[in-house]
Amino acid sequence: MTGPAVCILYTQDADLARRVKAFLRVLAEVRQVADGDRIAAVLQQTSPAVMLLDLRAKDARDLLDQTQQEWPDVVLIALGTPRSEPLREAEQAGIYAAEDLQLDRRRLQALVSRAFDHLRLQQEVRDLRESTALVPAPEPVGRLDLLPERPTSGMPMMRFPRVFRRFENVERLLDSIVEGVADAASVTRVGIFSKIRQGDRYRLRAGLRCLPETADIEFGERDPLVRWFELHAHLIYRGHLAETADQAQRNLMRRALDTFGAEVIVPLHARGRIIGWLFVGHRLTGQRFAFQDLENLMMLAEHVSTVLENALLNEEITLQKKLAETLLKSMPPGIVAVDENATIRWFNPTAEQILGLSAADVLNTPAESVGGRLAGMLRDTLDSHSHLPAQRWVDQNTHRAILVETRRLADQRDALGAVAVIHDLTAQENVREKQDLVDRAAFWADLAASMSHEIRNPLVAIKTFAQLLPERFEDSDFRKEFNEIVVQEIDRLDQIMCQINNFAHPPELVMKQIDVRASVRKALDVAREKFAVNGAPVDFDLPHELPSVLGDEKALTEAFAHLVANAAEATHGQDKPRITLAAKLLREGKSPSGVVVTVHDNGHGIDPDLKDKIFSPFCTTKARGMGLGLPIVKRTVFDHNGRVDIDSTPHGTSVSVLLPASNGAE
């Protein structure tokens, strides 16, 4: 287990820094240093390392000589302008390599890769020398039991819990923790590395007298240091490094201590995982840490872990709450939420605008504060275990047209309250009314054109016979034919006017729970009687487990009769005409959600040019007819909160009517 490869780049050229970081991303962590005075501190943290030195940077030549003398473990690579004096001097200085500043990606990666191999070889040699040079420590002069016992530092640690007070955010809490640790442990330097959320990298979250470069260091989940803490779960102390038999682990621990400028690093655990670590520098007295001090630091780290975990959880909850509140406040619909006692707990700004009420006036008051009708829906929702239908009305306070949907809020089996979602339909209603005016004008224009066509034929016949009547009045056969034709054409005119009147002024619907199968069966009799449908065989497929629907049986029967009449008209002339009336249950989960009634025929299908117009008034292929059947069907189904779908091919047509199940159905 070894530490991550680190490459130090000294340059003030931002473009060069970006290029080198991009080129070496897969090989090493590149740390840029722009201030020459900080080179020594950075090398203290990271040595041994590979260092790239931009010879154009300030004092680069002096830093090259200084690094060679003071940091022989550092592998130096100089970058300069080709054939320049600084680059020639660097080549003669005996460093690892001197290269052109403009070297490409592959050449730079190969050069740095070889430098790391060289660095590892140097490290292995040093490790071998250290292992052969280890000898037992000499016995100290004098008897240990005669030395004065140094007082333990347990009592100062007891002051530390005083810093665990409530803060508004994690950052302030961590700042307080490091100050408390420094005071309790009497140390010169304290820092905390942690991650705030799952998936974050470990960063310095708070520190006291830390090295400036420490703030730029990050560790991933699988970094060797993090994995070492997960595996060993104990602190790292510089005074114990010589006791570590494994050379790779010793190097890793020494590298970590040097990186933070620390004497002790203590892992922070929470729920079986590493959430960070705490590091401390030398004691203020300059003395070594005793066993009791290390024990106290471990106990202190347990306190820090608990507080940090709670703080992180609290911040996560606070963030989620803030996001939820922001979402609810910015949602276009109005939101009114009540608890299980129907007391208003949430009232977003949109609800204030729609209902003309202030949140300050209605929060923590009974639901009736927002109006009796809305309060009634909320209370009914609290008492109900199923979804109630949405309701529309005009608010008496703001005179806005609104649509209100309510839902019961429950956590598993416990009821938490109810919420009302309020949609402002005022603008839509205004647009719809304007469209209605346009449609009405178009309707009457089409009606006038259709009426002129339909009425002209009977009037022409009546006029013709009336003109011939004076000449052929004595002809009894003519008078008889005149009487029959005039009466027939007048009846036709009356029928046209009745159809138009019925379409323009439909009867008021009487809604109640009905069995849709009864309407389907009656529709066939109505079609035969009213529309003279005969001849085509009709098959029924009406299962018994259909739920009830909320509707007007007479209106639905007439709508289905129009569909049967159209199906019979479509099968006219077929060798084996066939009409099928079928119904099917729809489910939402385990509950019935609706019924689909389908009228299918094996006729010649609908002309593609007419498919998009068949629901428009006066669209018909019949020689005699107003084309009001399908518009009546569509309006009736719409009034029942349903939908009409048509699927037509040259081999037949299926018209499906979807009707929602009644809430009172079992």
# chains A, B, ... in the order shown; residues from 1 in each chain; ligands from 1
call {"tool": "select_by_dssp", "arguments": {"residues": "stretch 493-594 of chain A", "states": "strand (DSSP E or B)", "output": "list of chain:residue names"}}
result
A:Lys512, A:Gln513, A:Ile514, A:Val538, A:Asp539, A:Phe540, A:Asp541, A:Val549, A:Leu550, A:Gly551, A:Ile579, A:Thr580, A:Leu581, A:Ala582, A:Ala583, A:Lys584, A:Leu585, A:Leu586, A:Arg587, A:Glu588, A:Ser591, A:Pro592, A:Ser593, A:Gly594
call {"tool": "residues_around", "arguments": {"residues": "A:Leu268", "least_positions_apart": "4", "cutoff": "8 Å", "atoms": "only C-alpha atoms", "output": "ChimeraX atom specification"}}
result
/A:274-278,301-302,304-305
call {"tool": "closest_atom_pairs", "arguments": {"of": "stretch 481-524 of chain A", "to": "stretch 636-651 of chain A", "cutoff": "10 Å", "atoms": "only C-alpha atoms", "output": "CSV"}}
result
residue,atom,partner,partner_atom,distance
A:Pro506,CA,A:Thr636,CA,9.4
A:Leu509,CA,A:Asp639,CA,8.6
A:Met511,CA,A:His640,CA,8.7
call {"tool": "write_last_selection", "arguments": {"atoms": "N, CA, C and O atoms", "output": "tab-separated table (two decimals), in the first residue's frame"}}
result
chain	number	residue	atom	x	y	z
A	506	PRO	N	-78.64	20.80	-25.37
A	506	PRO	CA	-78.76	19.44	-24.82
A	506	PRO	C	-79.48	19.47	-23.47
A	506	PRO	O	-79.38	20.45	-22.73
A	509	LEU	N	-77.87	16.92	-17.66
A	509	LEU	CA	-77.57	15.54	-17.28
A	509	LEU	C	-77.96	15.29	-15.83
A	509	LEU	O	-77.77	16.15	-14.96
A	511	MET	N	-76.80	12.86	-13.12
A	511	MET	CA	-75.71	11.92	-12.86
A	511	MET	C	-76.04	11.04	-11.65
A	511	MET	O	-76.44	11.53	-10.60
call {"tool": "residues_around", "arguments": {"residues": "stretch 336-345 of chain A", "least_positions_apart": "3", "cutoff": "9 Å", "atoms": "only C-alpha atoms", "output": "list in words"}}
result
Asn348, Ala351, Val362, Leu363, Asn364, Thr365, Pro366, Ala367, Glu368, Ser369, Val370, Ala375, Leu378, Arg379, Leu382, Leu409, Ala415, Leu416, Gly417, Ala418, Val419, Ala420, Val421 and Ile422 of chain A
call {"tool": "residues_around", "arguments": {"residues": "A:Ser654", "least_positions_apart": "4", "cutoff": "12 Å", "atoms": "only C-alpha atoms", "output": "PDB file with all heavy atoms, in the first residue's frame"}}
result
ATOM      1  N   LEU A 563     -73.278   5.526 -32.214  1.00  0.00           N
ATOM      2  CA  LEU A 563     -72.145   4.713 -32.652  1.00  0.00           C
ATOM      3  C   LEU A 563     -72.628   3.449 -33.356  1.00  0.00           C
ATOM      4  O   LEU A 563     -72.033   3.024 -34.361  1.00  0.00           O
ATOM      5  CB  LEU A 563     -71.264   4.343 -31.448  1.00  0.00           C
ATOM      6  CG  LEU A 563     -70.571   5.517 -30.743  1.00  0.00           C
ATOM      7  CD1 LEU A 563     -69.733   5.007 -29.576  1.00  0.00           C
ATOM      8  CD2 LEU A 563     -69.691   6.299 -31.716  1.00  0.00           C
ATOM      9  N   VAL A 564     -73.701   2.830 -32.845  1.00  0.00           N
ATOM     10  CA  VAL A 564     -74.258   1.638 -33.487  1.00  0.00           C
ATOM     11  C   VAL A 564     -74.798   1.993 -34.874  1.00  0.00           C
ATOM     12  O   VAL A 564     -74.605   1.247 -35.853  1.00  0.00           O
ATOM     13  CB  VAL A 564     -75.354   1.010 -32.613  1.00  0.00           C
ATOM     14  CG1 VAL A 564     -76.049  -0.126 -33.360  1.00  0.00           C
ATOM     15  CG2 VAL A 564     -74.760   0.494 -31.302  1.00  0.00           C
ATOM     16  N   ASN A 566     -73.803   4.437 -36.843  1.00  0.00           N
ATOM     17  CA  ASN A 566     -72.670   4.655 -37.749  1.00  0.00           C
ATOM     18  C   ASN A 566     -72.043   3.331 -38.171  1.00  0.00           C
ATOM     19  O   ASN A 566     -71.623   3.154 -39.324  1.00  0.00           O
ATOM     20  CB  ASN A 566     -71.619   5.528 -37.066  1.00  0.00           C
ATOM     21  CG  ASN A 566     -72.051   6.981 -36.980  1.00  0.00           C
ATOM     22  OD1 ASN A 566     -73.009   7.391 -37.622  1.00  0.00           O
ATOM     23  ND2 ASN A 566     -71.350   7.759 -36.168  1.00  0.00           N
ATOM     24  N   ALA A 567     -71.938   2.386 -37.208  1.00  0.00           N
ATOM     25  CA  ALA A 567     -71.369   1.075 -37.531  1.00  0.00           C
ATOM     26  C   ALA A 567     -72.241   0.353 -38.556  1.00  0.00           C
ATOM     27  O   ALA A 567     -71.731  -0.284 -39.491  1.00  0.00           O
ATOM     28  CB  ALA A 567     -71.215   0.242 -36.264  1.00  0.00           C
ATOM     29  N   ALA A 570     -71.682   1.801 -41.893  1.00  0.00           N
ATOM     30  CA  ALA A 570     -70.386   1.426 -42.463  1.00  0.00           C
ATOM     31  C   ALA A 570     -70.396   0.017 -43.035  1.00  0.00           C
ATOM     32  O   ALA A 570     -69.640  -0.288 -43.966  1.00  0.00           O
ATOM     33  CB  ALA A 570     -69.292   1.551 -41.396  1.00  0.00           C
ATOM     34  N   ILE A 579     -71.330  -6.429 -36.325  1.00  0.00           N
ATOM     35  CA  ILE A 579     -71.108  -5.353 -35.342  1.00  0.00           C
ATOM     36  C   ILE A 579     -70.916  -6.009 -33.974  1.00  0.00           C
ATOM     37  O   ILE A 579     -71.665  -6.917 -33.610  1.00  0.00           O
ATOM     38  CB  ILE A 579     -72.290  -4.359 -35.298  1.00  0.00           C
ATOM     39  CG1 ILE A 579     -72.476  -3.697 -36.666  1.00  0.00           C
ATOM     40  CG2 ILE A 579     -72.067  -3.302 -34.215  1.00  0.00           C
ATOM     41  CD1 ILE A 579     -73.713  -2.814 -36.744  1.00  0.00           C
ATOM     42  N   THR A 580     -69.923  -5.525 -33.225  1.00  0.00           N
ATOM     43  CA  THR A 580     -69.648  -6.072 -31.887  1.00  0.00           C
ATOM     44  C   THR A 580     -69.690  -4.946 -30.869  1.00  0.00           C
ATOM     45  O   THR A 580     -69.047  -3.902 -31.046  1.00  0.00           O
ATOM     46  CB  THR A 580     -68.262  -6.748 -31.833  1.00  0.00           C
ATOM     47  OG1 THR A 580     -68.205  -7.777 -32.815  1.00  0.00           O
ATOM     48  CG2 THR A 580     -68.003  -7.348 -30.460  1.00  0.00           C
ATOM     49  N   LEU A 581     -70.473  -5.170 -29.803  1.00  0.00           N
ATOM     50  CA  LEU A 581     -70.522  -4.246 -28.663  1.00  0.00           C
ATOM     51  C   LEU A 581     -69.844  -4.941 -27.486  1.00  0.00           C
ATOM     52  O   LEU A 581     -70.356  -5.950 -26.989  1.00  0.00           O
ATOM     53  CB  LEU A 581     -71.960  -3.873 -28.310  1.00  0.00           C
ATOM     54  CG  LEU A 581     -72.783  -3.182 -29.414  1.00  0.00           C
ATOM     55  CD1 LEU A 581     -74.172  -2.852 -28.900  1.00  0.00           C
ATOM     56  CD2 LEU A 581     -72.087  -1.921 -29.861  1.00  0.00           C
ATOM     57  N   ALA A 582     -68.703  -4.417 -27.063  1.00  0.00           N
ATOM     58  CA  ALA A 582     -67.920  -5.062 -25.999  1.00  0.00           C
ATOM     59  C   ALA A 582     -67.570  -4.049 -24.925  1.00  0.00           C
ATOM     60  O   ALA A 582     -67.491  -2.836 -25.174  1.00  0.00           O
ATOM     61  CB  ALA A 582     -66.641  -5.684 -26.568  1.00  0.00           C
ATOM     62  N   VAL A 596     -64.126   0.500 -20.514  1.00  0.00           N
ATOM     63  CA  VAL A 596     -63.990   0.847 -21.928  1.00  0.00           C
ATOM     64  C   VAL A 596     -65.072   0.113 -22.709  1.00  0.00           C
ATOM     65  O   VAL A 596     -65.136  -1.119 -22.686  1.00  0.00           O
ATOM     66  CB  VAL A 596     -62.600   0.468 -22.473  1.00  0.00           C
ATOM     67  CG1 VAL A 596     -62.547   0.722 -23.977  1.00  0.00           C
ATOM     68  CG2 VAL A 596     -61.521   1.275 -21.784  1.00  0.00           C
ATOM     69  N   VAL A 597     -65.926   0.877 -23.373  1.00  0.00           N
ATOM     70  CA  VAL A 597     -66.975   0.315 -24.235  1.00  0.00           C
ATOM     71  C   VAL A 597     -66.528   0.505 -25.683  1.00  0.00           C
ATOM     72  O   VAL A 597     -66.224   1.631 -26.104  1.00  0.00           O
ATOM     73  CB  VAL A 597     -68.329   0.991 -23.989  1.00  0.00           C
ATOM     74  CG1 VAL A 597     -69.381   0.429 -24.954  1.00  0.00           C
ATOM     75  CG2 VAL A 597     -68.776   0.803 -22.543  1.00  0.00           C
ATOM     76  N   THR A 598     -66.474  -0.583 -26.442  1.00  0.00           N
ATOM     77  CA  THR A 598     -65.986  -0.534 -27.821  1.00  0.00           C
ATOM     78  C   THR A 598     -67.085  -0.990 -28.779  1.00  0.00           C
ATOM     79  O   THR A 598     -67.708  -2.039 -28.570  1.00  0.00           O
ATOM     80  CB  THR A 598     -64.750  -1.433 -27.997  1.00  0.00           C
ATOM     81  OG1 THR A 598     -63.727  -1.014 -27.092  1.00  0.00           O
ATOM     82  CG2 THR A 598     -64.220  -1.351 -29.420  1.00  0.00           C
ATOM     83  N   VAL A 599     -67.327  -0.188 -29.818  1.00  0.00           N
ATOM     84  CA  VAL A 599     -68.252  -0.540 -30.899  1.00  0.00           C
ATOM     85  C   VAL A 599     -67.403  -0.802 -32.139  1.00  0.00           C
ATOM     86  O   VAL A 599     -66.755   0.108 -32.667  1.00  0.00           O
ATOM     87  CB  VAL A 599     -69.268   0.578 -31.157  1.00  0.00           C
ATOM     88  CG1 VAL A 599     -70.210   0.173 -32.290  1.00  0.00           C
ATOM     89  CG2 VAL A 599     -70.048   0.903 -29.890  1.00  0.00           C
ATOM     90  N   HIS A 600     -67.388  -2.059 -32.579  1.00  0.00           N
ATOM     91  CA  HIS A 600     -66.539  -2.457 -33.705  1.00  0.00           C
ATOM     92  C   HIS A 600     -67.397  -2.916 -34.875  1.00  0.00           C
ATOM     93  O   HIS A 600     -68.409  -3.603 -34.682  1.00  0.00           O
ATOM     94  CB  HIS A 600     -65.590  -3.577 -33.283  1.00  0.00           C
ATOM     95  CG  HIS A 600     -64.760  -4.108 -34.417  1.00  0.00           C
ATOM     96  ND1 HIS A 600     -63.670  -3.423 -34.921  1.00  0.00           N
ATOM     97  CD2 HIS A 600     -64.878  -5.249 -35.148  1.00  0.00           C
ATOM     98  CE1 HIS A 600     -63.147  -4.126 -35.901  1.00  0.00           C
ATOM     99  NE2 HIS A 600     -63.854  -5.229 -36.073  1.00  0.00           N
ATOM    100  N   ASP A 601     -66.996  -2.536 -36.077  1.00  0.00           N
ATOM    101  CA  ASP A 601     -67.678  -3.017 -37.283  1.00  0.00           C
ATOM    102  C   ASP A 601     -66.632  -3.489 -38.284  1.00  0.00           C
ATOM    103  O   ASP A 601     -65.457  -3.135 -38.182  1.00  0.00           O
ATOM    104  CB  ASP A 601     -68.542  -1.907 -37.902  1.00  0.00           C
ATOM    105  CG  ASP A 601     -67.716  -0.736 -38.402  1.00  0.00           C
ATOM    106  OD1 ASP A 601     -67.003  -0.896 -39.419  1.00  0.00           O
ATOM    107  OD2 ASP A 601     -67.772   0.355 -37.788  1.00  0.00           O
ATOM    108  N   ASN A 602     -67.056  -4.306 -39.221  1.00  0.00           N
ATOM    109  CA  ASN A 602     -66.151  -4.814 -40.258  1.00  0.00           C
ATOM    110  C   ASN A 602     -66.413  -4.129 -41.586  1.00  0.00           C
ATOM    111  O   ASN A 602     -66.329  -4.730 -42.655  1.00  0.00           O
ATOM    112  CB  ASN A 602     -66.273  -6.328 -40.404  1.00  0.00           C
ATOM    113  CG  ASN A 602     -67.672  -6.760 -40.844  1.00  0.00           C
ATOM    114  OD1 ASN A 602     -68.615  -5.967 -40.767  1.00  0.00           O
ATOM    115  ND2 ASN A 602     -67.807  -8.005 -41.306  1.00  0.00           N
ATOM    116  N   GLY A 603     -66.722  -2.811 -41.511  1.00  0.00           N
ATOM    117  CA  GLY A 603     -67.027  -2.053 -42.717  1.00  0.00           C
ATOM    118  C   GLY A 603     -65.776  -1.626 -43.462  1.00  0.00           C
ATOM    119  O   GLY A 603     -64.677  -2.149 -43.259  1.00  0.00           O
ATOM    120  N   HIS A 604     -65.936  -0.633 -44.309  1.00  0.00           N
ATOM    121  CA  HIS A 604     -64.858  -0.210 -45.199  1.00  0.00           C
ATOM    122  C   HIS A 604     -63.923   0.810 -44.556  1.00  0.00           C
ATOM    123  O   HIS A 604     -62.978   1.276 -45.201  1.00  0.00           O
ATOM    124  CB  HIS A 604     -65.444   0.385 -46.490  1.00  0.00           C
ATOM    125  CG  HIS A 604     -66.563   1.355 -46.227  1.00  0.00           C
ATOM    126  ND1 HIS A 604     -66.351   2.591 -45.692  1.00  0.00           N
ATOM    127  CD2 HIS A 604     -67.907   1.217 -46.417  1.00  0.00           C
ATOM    128  CE1 HIS A 604     -67.522   3.217 -45.568  1.00  0.00           C
ATOM    129  NE2 HIS A 604     -68.481   2.399 -45.998  1.00  0.00           N
ATOM    130  N   GLY A 605     -64.169   1.185 -43.322  1.00  0.00           N
ATOM    131  CA  GLY A 605     -63.282   2.110 -42.629  1.00  0.00           C
ATOM    132  C   GLY A 605     -63.590   3.562 -42.937  1.00  0.00           C
ATOM    133  O   GLY A 605     -64.469   3.887 -43.739  1.00  0.00           O
ATOM    134  N   ILE A 606     -62.851   4.455 -42.283  1.00  0.00           N
ATOM    135  CA  ILE A 606     -63.048   5.896 -42.436  1.00  0.00           C
ATOM    136  C   ILE A 606     -62.023   6.435 -43.422  1.00  0.00           C
ATOM    137  O   ILE A 606     -60.847   6.090 -43.370  1.00  0.00           O
ATOM    138  CB  ILE A 606     -62.899   6.609 -41.075  1.00  0.00           C
ATOM    139  CG1 ILE A 606     -63.945   6.080 -40.086  1.00  0.00           C
ATOM    140  CG2 ILE A 606     -63.043   8.113 -41.231  1.00  0.00           C
ATOM    141  CD1 ILE A 606     -63.763   6.615 -38.684  1.00  0.00           C
ATOM    142  N   VAL A 644     -62.885   9.531 -26.021  1.00  0.00           N
ATOM    143  CA  VAL A 644     -63.283   8.759 -27.194  1.00  0.00           C
ATOM    144  C   VAL A 644     -62.058   8.551 -28.079  1.00  0.00           C
ATOM    145  O   VAL A 644     -61.348   9.510 -28.399  1.00  0.00           O
ATOM    146  CB  VAL A 644     -64.391   9.475 -27.998  1.00  0.00           C
ATOM    147  CG1 VAL A 644     -64.804   8.617 -29.184  1.00  0.00           C
ATOM    148  CG2 VAL A 644     -65.584   9.776 -27.126  1.00  0.00           C
ATOM    149  N   ASP A 645     -61.793   7.303 -28.438  1.00  0.00           N
ATOM    150  CA  ASP A 645     -60.678   6.969 -29.335  1.00  0.00           C
ATOM    151  C   ASP A 645     -61.217   6.194 -30.530  1.00  0.00           C
ATOM    152  O   ASP A 645     -62.132   5.367 -30.381  1.00  0.00           O
ATOM    153  CB  ASP A 645     -59.624   6.120 -28.619  1.00  0.00           C
ATOM    154  CG  ASP A 645     -58.980   6.865 -27.462  1.00  0.00           C
ATOM    155  OD1 ASP A 645     -58.706   8.066 -27.625  1.00  0.00           O
ATOM    156  OD2 ASP A 645     -58.764   6.248 -26.408  1.00  0.00           O
ATOM    157  N   ILE A 646     -60.646   6.453 -31.701  1.00  0.00           N
ATOM    158  CA  ILE A 646     -61.083   5.786 -32.929  1.00  0.00           C
ATOM    159  C   ILE A 646     -59.883   5.128 -33.592  1.00  0.00           C
ATOM    160  O   ILE A 646     -58.828   5.748 -33.750  1.00  0.00           O
ATOM    161  CB  ILE A 646     -61.758   6.771 -33.895  1.00  0.00           C
ATOM    162  CG1 ILE A 646     -63.071   7.276 -33.301  1.00  0.00           C
ATOM    163  CG2 ILE A 646     -62.007   6.121 -35.244  1.00  0.00           C
ATOM    164  CD1 ILE A 646     -63.836   8.201 -34.206  1.00  0.00           C
ATOM    165  N   ASP A 647     -60.044   3.883 -33.953  1.00  0.00           N
ATOM    166  CA  ASP A 647     -59.022   3.139 -34.696  1.00  0.00           C
ATOM    167  C   ASP A 647     -59.695   2.565 -35.939  1.00  0.00           C
ATOM    168  O   ASP A 647     -60.609   1.741 -35.833  1.00  0.00           O
ATOM    169  CB  ASP A 647     -58.438   2.028 -33.823  1.00  0.00           C
ATOM    170  CG  ASP A 647     -57.337   1.262 -34.540  1.00  0.00           C
ATOM    171  OD1 ASP A 647     -56.772   1.819 -35.496  1.00  0.00           O
ATOM    172  OD2 ASP A 647     -57.048   0.117 -34.139  1.00  0.00           O
ATOM    173  N   SER A 648     -59.259   3.032 -37.103  1.00  0.00           N
ATOM    174  CA  SER A 648     -59.941   2.644 -38.338  1.00  0.00           C
ATOM    175  C   SER A 648     -58.941   2.156 -39.370  1.00  0.00           C
ATOM    176  O   SER A 648     -57.859   2.731 -39.535  1.00  0.00           O
ATOM    177  CB  SER A 648     -60.724   3.832 -38.907  1.00  0.00           C
ATOM    178  OG  SER A 648     -61.427   3.451 -40.069  1.00  0.00           O
ATOM    179  N   THR A 649     -59.284   1.067 -40.035  1.00  0.00           N
ATOM    180  CA  THR A 649     -58.506   0.511 -41.146  1.00  0.00           C
ATOM    181  C   THR A 649     -59.480   0.202 -42.274  1.00  0.00           C
ATOM    182  O   THR A 649     -60.710   0.234 -42.085  1.00  0.00           O
ATOM    183  CB  THR A 649     -57.768  -0.775 -40.715  1.00  0.00           C
ATOM    184  OG1 THR A 649     -58.730  -1.816 -40.495  1.00  0.00           O
ATOM    185  CG2 THR A 649     -56.954  -0.542 -39.450  1.00  0.00           C
ATOM    186  N   PRO A 650     -58.971  -0.140 -43.460  1.00  0.00           N
ATOM    187  CA  PRO A 650     -59.882  -0.531 -44.557  1.00  0.00           C
ATOM    188  C   PRO A 650     -60.697  -1.776 -44.238  1.00  0.00           C
ATOM    189  O   PRO A 650     -61.638  -2.098 -44.982  1.00  0.00           O
ATOM    190  CB  PRO A 650     -58.934  -0.775 -45.734  1.00  0.00           C
ATOM    191  CG  PRO A 650     -57.731   0.060 -45.434  1.00  0.00           C
ATOM    192  CD  PRO A 650     -57.586   0.016 -43.945  1.00  0.00           C
TER     193      PRO A 650
END
call {"tool": "residues_around", "arguments": {"residues": "A:Val181", "least_positions_apart": "3", "cutoff": "9 Å", "atoms": "only C-alpha atoms", "output": "ChimeraX atom specification"}}
result
/A:157,160,176-178,184-187,190,280,297,300
